[in-house]
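Peer 1: After the structure tokens below, expect a handful of questions from me.
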Amino acid sequence: MKHFQLKSLLAAVIALSLLSACNKDKVTPNPIDPVQTTDRAGVYVLSQGGITLNNSTLSFYNYATKTTTADIFAAANSRGLGDTGNDAKIYGSKMYITVNYSSTIEVVEAKTAKSIKQIKMGEGANKRQPRFVVFNKNKAYISSYDGTVAVLDTATLTIDKYITVGRNPEQMVVSNGKLYVANSGGLDFSNIDHTVSVINLATGTEIKKIDIVDTNPIDIAADAYGDVYVISYGTDFPSHPKLTIINNTTDVVKKTTDIDAGYGTSFVINGDMAYYLTDAGKVKVYNVKTDVVATESFITGGATIVVPYAIAVDPLTGEVFVTDAVDYRNNGKLFAFDKTGKFEYTIATGINPGAIVLVNK
């Protein structure tokens with residue numbers, strides 16, 4: 001599942017029955033993924049399915065043929081992905097897929113979705129429940145609900161170590177040689193977490209926990225100016241999210257402000273702009289250089305999004321992709337918009353489409 005807390009708990013019930021405006025000085029960003037230099041082959045959409053229903057799928061839309069393969073993973077491997085696929089990212093020639101409830105990592109060929117290795121994250125009742133994956137210097141870092149970040153060697157596909165962080169960690173980002181981990185504590189609303197773990201990537205150890213104003217931090221991103229952005233949601237429903245900005249040199253909170261982000265939206269930074277979803281189905285654009293909302297409604301028309309679920313931006317074209325979970329129990333949709341917000345096309349996905357991955361030729 002994408003976010004186990006309020007949004008996904010509601011989704012499970014349905015399925016089972018039913019961001020001081022000031023200019024910043026630019027610094028050299030820390031590279032996370034290999035630079036993309038070739039044309040795109042298409043886009044993958046990882047759909048969670050329903051919790052315990054074992055029906056996660058990986059759709060693929062081929063740019064050349066303009067056709068969609070409903071579940072390319074199953075077609076390539078003659079088996080399903082498992083239960084509640086949560087995140088998928090490409091590093092080098094491989095794509096890494098976290099399958100939360102099945103507690104596995106599927107490593108596949110990026111261009112074909114053919115399985116290379118399935119990595120089990122815990123056995124029996126001691127399942128780690130992997131959530132998100134990021135990369136740095138041939139290592140994959142995987143957050144898991146058991147309060148750890150696994151360090152996976154991307155050459156040998158073996159886990160070197162587990163780093164203990166806060167409770168129920170969610171999204172992570174690499175910035176200034178450090179890994180920042182949002183600790184949600186979202187599985188225990190009576191004792192919710194309110195910290196961001198800082199891991200020194202050179203030593204592989206947690207060096208600090210940063211306290212933030214609000215509880216239940218989930219979403220995290222970093223810009224090229226030395227700032228890390230965290231969106232937290234508290235425990236109220238509807239939520240009243242806060243955007244916390246952390247300096248990546250001092251690891252001190254610079255600012256906290258309200259943000260009308262939809263529950264669990266990613267905060268996707270492309271250049272000076274960050275894109276995020278609202279619960280009203282809008283895409284808003286935040287200028288990370290001036291620290292203001294630059295665009296209140298990015299989409300200029302042509303599409304109605306019922307249940308906004310995931311967002312991604314293509315840094316090569318400026319295209320913005322948004323998924324719609326529709327009603328949490330039937331197949332969803334992916335909407336594509338050009339860099340001006342004009343609707344381009346839509347494709348069908350699986351149930352609860354929670355991750356979008358662009359793949360090169």
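Quick note on naming: the chains in the structure tokens go A, B, ... in the order shown, residues restart at 1 in each chain, and ligands are numbered from 1 in order of appearance.
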Extract, using only C-alpha atoms, all DNA, RNA and protein residues at most 12 Å from A:Asp324, discarding same-chain residues fewer than 3 positions from it, and format them as number ranges by chain.
Peer 2: A: 45, 47, 277, 279-282, 303-311, 321, 327-336, 346-356
Peer 1: Hey, can you spit out that residue selection with N, CA and C atoms as a CSV table (one decimal), in the first residue's frame?
Peer 2:
chain,number,residue,atom,x,y,z
A,45,VAL,N,3.3,1.9,-13.9
A,45,VAL,CA,2.5,2.2,-12.8
A,45,VAL,C,2.3,1.0,-11.9
A,47,SER,N,0.5,-0.6,-8.9
A,47,SER,CA,-0.8,-0.5,-8.2
A,47,SER,C,-0.8,-1.4,-7.0
A,277,LEU,N,0.0,17.1,-4.6
A,277,LEU,CA,-1.5,16.9,-4.7
A,277,LEU,C,-2.2,17.5,-3.6
A,279,ASP,N,-6.2,17.2,-1.6
A,279,ASP,CA,-7.3,16.3,-1.5
A,279,ASP,C,-8.5,16.7,-2.4
A,280,ALA,N,-8.5,17.9,-2.9
A,280,ALA,CA,-9.5,18.4,-3.9
A,280,ALA,C,-9.2,18.0,-5.3
A,281,GLY,N,-8.1,17.3,-5.5
A,281,GLY,CA,-7.8,16.9,-6.8
A,281,GLY,C,-7.0,17.8,-7.6
A,282,LYS,N,-6.4,18.9,-7.0
A,282,LYS,CA,-5.6,19.8,-7.7
A,282,LYS,C,-4.1,19.4,-7.6
A,303,ALA,N,-9.3,17.1,-17.6
A,303,ALA,CA,-9.3,15.9,-16.8
A,303,ALA,C,-9.9,16.2,-15.4
A,304,THR,N,-10.7,15.2,-14.9
A,304,THR,CA,-11.3,15.3,-13.6
A,304,THR,C,-10.7,14.1,-12.7
A,305,ILE,N,-10.0,14.5,-11.7
A,305,ILE,CA,-9.4,13.4,-10.8
A,305,ILE,C,-10.2,13.3,-9.6
A,306,VAL,N,-10.8,12.1,-9.4
A,306,VAL,CA,-11.7,11.8,-8.3
A,306,VAL,C,-10.9,11.6,-7.0
A,307,VAL,N,-10.0,10.7,-7.0
A,307,VAL,CA,-9.2,10.4,-5.8
A,307,VAL,C,-7.7,10.5,-6.1
A,308,PRO,N,-7.1,11.7,-6.0
A,308,PRO,CA,-5.7,11.8,-6.3
A,308,PRO,C,-4.8,10.9,-5.5
A,309,TYR,N,-3.9,10.2,-6.1
A,309,TYR,CA,-3.2,9.2,-5.3
A,309,TYR,C,-1.7,9.2,-5.4
A,310,ALA,N,-1.1,9.5,-6.6
A,310,ALA,CA,0.3,9.5,-6.8
A,310,ALA,C,0.6,10.6,-7.8
A,311,ILE,N,1.9,11.1,-7.7
A,311,ILE,CA,2.3,12.2,-8.7
A,311,ILE,C,3.8,12.0,-9.0
A,321,PHE,N,2.6,13.6,-14.1
A,321,PHE,CA,1.7,12.4,-14.1
A,321,PHE,C,1.0,12.3,-12.8
A,327,ASP,N,-12.2,4.7,-6.7
A,327,ASP,CA,-13.0,4.4,-5.5
A,327,ASP,C,-12.3,3.3,-4.6
A,328,TYR,N,-11.1,3.1,-4.8
A,328,TYR,CA,-10.2,2.2,-4.0
A,328,TYR,C,-10.5,0.8,-4.3
A,329,ARG,N,-11.5,0.4,-5.0
A,329,ARG,CA,-11.8,-1.0,-5.2
A,329,ARG,C,-11.8,-1.5,-6.6
A,330,ASN,N,-11.9,-0.5,-7.6
A,330,ASN,CA,-11.9,-0.8,-9.0
A,330,ASN,C,-10.6,-0.3,-9.6
A,331,ASN,N,-10.3,-0.7,-10.8
A,331,ASN,CA,-9.1,-0.2,-11.5
A,331,ASN,C,-9.0,1.3,-11.5
A,332,GLY,N,-7.8,1.8,-11.4
A,332,GLY,CA,-7.6,3.3,-11.4
A,332,GLY,C,-7.2,3.8,-12.7
A,333,LYS,N,-6.6,5.0,-12.7
A,333,LYS,CA,-6.2,5.7,-14.0
A,333,LYS,C,-4.9,6.4,-13.8
A,334,LEU,N,-4.2,6.6,-14.9
A,334,LEU,CA,-3.1,7.5,-14.9
A,334,LEU,C,-3.4,8.6,-15.9
A,335,PHE,N,-3.2,9.9,-15.4
A,335,PHE,CA,-3.4,11.1,-16.3
A,335,PHE,C,-2.0,11.7,-16.6
A,336,ALA,N,-1.8,12.1,-17.8
A,336,ALA,CA,-0.5,12.7,-18.2
A,336,ALA,C,-0.9,14.2,-18.7
A,346,THR,N,-4.8,9.6,-20.9
A,346,THR,CA,-5.1,8.8,-19.7
A,346,THR,C,-5.0,7.3,-20.1
A,347,ILE,N,-4.5,6.5,-19.1
A,347,ILE,CA,-4.5,5.1,-19.3
A,347,ILE,C,-5.1,4.4,-18.1
A,348,ALA,N,-5.5,3.2,-18.3
A,348,ALA,CA,-6.1,2.4,-17.2
A,348,ALA,C,-4.9,1.8,-16.4
A,349,THR,N,-5.1,1.6,-15.1
A,349,THR,CA,-4.1,1.0,-14.2
A,349,THR,C,-4.8,-0.1,-13.4
A,350,GLY,N,-4.1,-0.6,-12.4
A,350,GLY,CA,-4.7,-1.5,-11.5
A,350,GLY,C,-5.4,-0.8,-10.4
A,351,ILE,N,-5.7,-1.5,-9.3
A,351,ILE,CA,-6.4,-0.9,-8.2
A,351,ILE,C,-5.4,-0.2,-7.3
A,352,ASN,N,-5.7,1.1,-6.9
A,352,ASN,CA,-4.9,1.9,-6.1
A,352,ASN,C,-3.5,2.2,-6.6
A,353,PRO,N,-3.4,2.9,-7.7
A,353,PRO,CA,-2.1,3.1,-8.4
A,353,PRO,C,-1.2,4.1,-7.6
A,354,GLY,N,-0.2,3.5,-6.9
A,354,GLY,CA,0.6,4.3,-6.0
A,354,GLY,C,2.0,4.8,-6.3
A,355,ALA,N,2.5,4.3,-7.4
A,355,ALA,CA,3.9,4.7,-7.8
A,355,ALA,C,4.0,4.7,-9.3
A,356,ILE,N,4.7,5.7,-9.8
A,356,ILE,CA,4.9,6.0,-11.2
A,356,ILE,C,6.4,6.0,-11.5
Peer 1: Enumerate the residues of stretch 89-308 of chain A with a DSSP assignment of strand (DSSP E), computed from the backbone, and present them as a PyMOL selection string.
Peer 2: chain A and resi 89-91+94-99+104-109+115-120+130-136+139-144+148-153+158-164+169-175+178-183+195-200+205-211+217-222+227-232+242-247+253-258+268-270+273-277+283-287+292-295+308
Peer 1: Extract, using only C-alpha atoms, all DNA, RNA and protein residues at most 9 Å from A:Gly302, discarding same-chain residues fewer than 3 positions from it, and format them as a list of chain:residue names.
Peer 2: A:Ile299, A:Lys342, A:Phe343, A:Glu344
Peer 1: Neighbours of A:Phe189 within 10 Å (only C-alpha atoms; same-chain residues fewer than 5 positions away dropped), as JSON, numbers by chain?
Peer 2: {"A": [5, 184, 215, 216, 234, 235, 236]}
Peer 1: Taking N, CA and C atoms for each residue, export the selection above as a short mmCIF file (atom, residue, chain, number, x, y, z; two decimals), in the first residue's frame.
Peer 2:
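The result, written out as part_26.cif:
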data_model
loop_
_atom_site.label_atom_id
_atom_site.label_comp_id
_atom_site.auth_asym_id
_atom_site.auth_seq_id
_atom_site.Cartn_x
_atom_site.Cartn_y
_atom_site.Cartn_z
N GLN A 5 -1.50 4.70 6.89
CA GLN A 5 -2.33 5.47 7.79
C GLN A 5 -3.69 5.77 7.20
N SER A 184 7.17 8.13 10.85
CA SER A 184 5.76 8.47 11.03
C SER A 184 5.16 7.98 12.35
N THR A 215 3.30 15.95 14.20
CA THR A 215 3.52 14.51 14.24
C THR A 215 3.18 13.86 12.89
N ASN A 216 3.52 12.62 12.77
CA ASN A 216 3.19 11.79 11.62
C ASN A 216 3.81 12.31 10.31
N GLY A 234 -0.12 14.99 11.37
CA GLY A 234 -0.79 14.94 12.66
C GLY A 234 -1.68 13.72 12.78
N THR A 235 -2.65 13.81 13.70
CA THR A 235 -3.55 12.68 13.92
C THR A 235 -5.01 13.02 13.67
N ASP A 236 -5.28 14.26 13.28
CA ASP A 236 -6.67 14.64 13.03
C ASP A 236 -7.14 14.13 11.67
#
Peer 1: Would you tabulate, counting only C-alpha atoms, all residues of stretch 157-207 of chain A that have an atom at most 12 Å from an atom of stretch 117-130 of chain A, showing the closest pair of atoms and their distance in Å to one decimal, sorted by chain then ascending number, as a tab-separated table?
Peer 2:
residue	atom	partner	partner_atom	distance
A:Leu157	CA	A:Lys117	CA	7.8
A:Thr158	CA	A:Ile119	CA	8.2
A:Ile159	CA	A:Ile119	CA	9.0
A:Tyr162	CA	A:Arg128	CA	10.8
A:Arg167	CA	A:Arg128	CA	11.9
A:Asn168	CA	A:Gln129	CA	9.4
A:Pro169	CA	A:Pro130	CA	9.4
A:Glu170	CA	A:Pro130	CA	9.1
A:Gln171	CA	A:Pro130	CA	10.9
A:Leu187	CA	A:Gln129	CA	11.9
Peer 1: Let me see the file: selected residues, N, CA and C atoms, as a PDB file, in the first residue's frame.
Peer 2:
ATOM      1  N   LEU A 157      23.039  -7.807  -4.682  1.00  0.00           N
ATOM      2  CA  LEU A 157      21.635  -7.941  -4.264  1.00  0.00           C
ATOM      3  C   LEU A 157      21.510  -8.672  -2.940  1.00  0.00           C
ATOM      4  N   THR A 158      22.433  -8.347  -2.038  1.00  0.00           N
ATOM      5  CA  THR A 158      22.371  -8.868  -0.680  1.00  0.00           C
ATOM      6  C   THR A 158      22.321  -7.683   0.294  1.00  0.00           C
ATOM      7  N   ILE A 159      21.683  -7.900   1.452  1.00  0.00           N
ATOM      8  CA  ILE A 159      21.550  -6.844   2.449  1.00  0.00           C
ATOM      9  C   ILE A 159      22.787  -6.828   3.340  1.00  0.00           C
ATOM     10  N   TYR A 162      21.191  -3.542   8.662  1.00  0.00           N
ATOM     11  CA  TYR A 162      19.964  -2.822   8.971  1.00  0.00           C
ATOM     12  C   TYR A 162      20.307  -1.694   9.944  1.00  0.00           C
ATOM     13  N   ARG A 167      10.083   5.109  14.472  1.00  0.00           N
ATOM     14  CA  ARG A 167       9.010   4.138  14.320  1.00  0.00           C
ATOM     15  C   ARG A 167       8.272   4.313  12.995  1.00  0.00           C
ATOM     16  N   ASN A 168       8.059   3.205  12.355  1.00  0.00           N
ATOM     17  CA  ASN A 168       7.303   3.158  11.092  1.00  0.00           C
ATOM     18  C   ASN A 168       7.805   4.179  10.075  1.00  0.00           C
ATOM     19  N   PRO A 169       9.063   4.094   9.663  1.00  0.00           N
ATOM     20  CA  PRO A 169       9.616   5.063   8.708  1.00  0.00           C
ATOM     21  C   PRO A 169       8.940   4.961   7.350  1.00  0.00           C
ATOM     22  N   GLU A 170       8.835   6.107   6.715  1.00  0.00           N
ATOM     23  CA  GLU A 170       8.188   6.190   5.404  1.00  0.00           C
ATOM     24  C   GLU A 170       9.193   6.655   4.346  1.00  0.00           C
ATOM     25  N   GLN A 171       8.954   7.825   3.714  1.00  0.00           N
ATOM     26  CA  GLN A 171       9.809   8.262   2.633  1.00  0.00           C
ATOM     27  C   GLN A 171      11.191   8.703   3.133  1.00  0.00           C
ATOM     28  N   LEU A 187       1.524   3.558  12.716  1.00  0.00           N
ATOM     29  CA  LEU A 187       0.781   2.355  13.097  1.00  0.00           C
ATOM     30  C   LEU A 187       0.303   2.414  14.545  1.00  0.00           C
TER      31      LEU A 187
END
Peer 1: Quick one: residues within 10 Å of A:Asn183, only C-alpha atoms, excluding same-chain residues fewer than 3 positions away - as number ranges by chain?
Peer 2: A: 143, 145, 147, 165-172, 180, 186, 192-197, 209, 215-219, 232
Peer 1: Would you work out the distance separating atom CA of A:Gly49 from atom CA of A:Thr84, expressed in Å to one decimal?
Peer 2: 5.8 Å
Peer 1: Could you give me, as a list in words, the residues within 10 Å of stretch 94-96 of chain A, counting only C-alpha atoms and dropping anything in the same chain fewer than 3 positions from it?
Peer 2: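 Contacts, with the query itself left out: Asp87, Ala88, Lys89, Ile90, Tyr91, Val99, Ile105, Glu106, Val107, Val108, Glu109, Ala110, Lys111, Thr112, Ala113, Lys114, Ser115, Ile116, Lys117, Gln118, Phe132, Val133, Val134, Ala140, Ile142, Thr154, Val357 and Val359 of chain A.
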Peer 1: Would you export the selected residues with C-alpha atoms as a compact mmCIF listing (two decimals), in the first residue's frame, please?
Peer 2:
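The file below, part.txt, is the result:
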# COMPACT_ATOMS: atom_id res chain seq x y z
CA ASP A 87 7.18 1.81 -4.17
CA ALA A 88 9.18 1.27 -7.34
CA LYS A 89 12.32 3.00 -8.63
CA ILE A 90 14.92 2.37 -11.32
CA TYR A 91 18.65 2.42 -10.58
CA VAL A 99 5.92 -5.15 -1.70
CA ILE A 105 11.65 -6.70 -2.59
CA GLU A 106 11.29 -7.61 -6.23
CA VAL A 107 14.35 -6.75 -8.32
CA VAL A 108 13.55 -6.84 -12.04
CA GLU A 109 15.08 -5.88 -15.35
CA ALA A 110 14.06 -2.25 -15.88
CA LYS A 111 13.22 -2.66 -19.55
CA THR A 112 11.34 -5.95 -19.39
CA ALA A 113 10.09 -6.38 -15.78
CA LYS A 114 11.63 -9.85 -15.82
CA SER A 115 12.46 -10.93 -12.27
CA ILE A 116 16.14 -11.07 -11.30
CA LYS A 117 15.68 -11.81 -7.60
CA GLN A 118 13.00 -11.75 -4.94
CA PHE A 132 10.25 3.06 0.18
CA VAL A 133 13.59 2.77 -1.62
CA VAL A 134 16.28 5.36 -2.53
CA ALA A 140 19.76 0.81 -2.11
CA ILE A 142 14.88 0.54 2.07
CA THR A 154 22.94 -3.27 -5.83
CA VAL A 357 8.18 5.08 -12.86
CA VAL A 359 11.83 4.04 -18.07
Peer 1: In Å, with one decimal, what is the gap from atom CA of A:Ala222 to atom CA of A:Ile245?
Peer 2: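 Rounded to one decimal, the two atoms are 9.3 Å apart.
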Peer 1: Nearest residue to A:Asp39 out of A:Asn360, A:Thr257, A:Thr203, A:Asn191, using only C-alpha atoms?
Peer 2: A:Asn360
Peer 1: Give me, please, the distance in Å between atom CA of A:Gly341 and atom CA of A:Gly301, quoted to one decimal.
Peer 2: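 Between atom CA of A:Gly341 and atom CA of A:Gly301 the gap is 7.8 Å.
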Peer 1: Return the single residue from A:Ile231, A:Ile210, A:Ala150, A:Leu46 that is closest to A:Ile259, with distances computed using only C-alpha atoms.
Peer 2: A:Ile231
Peer 1: Counting only C-alpha atoms, which of A:Lys361, A:Asp251, A:Asn138, A:Ile212 gets nearest to A:Asp153?
Peer 2: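 Of all the options, A:Asn138 lies closest to A:Asp153.
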Peer 1: Which of these residues is nearest to A:Asp160, using only C-alpha atoms: A:Ser144, A:Ala294, A:Val174, A:Lys139?
Peer 2: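 Among the listed residues, A:Lys139 lies closest to A:Asp160.
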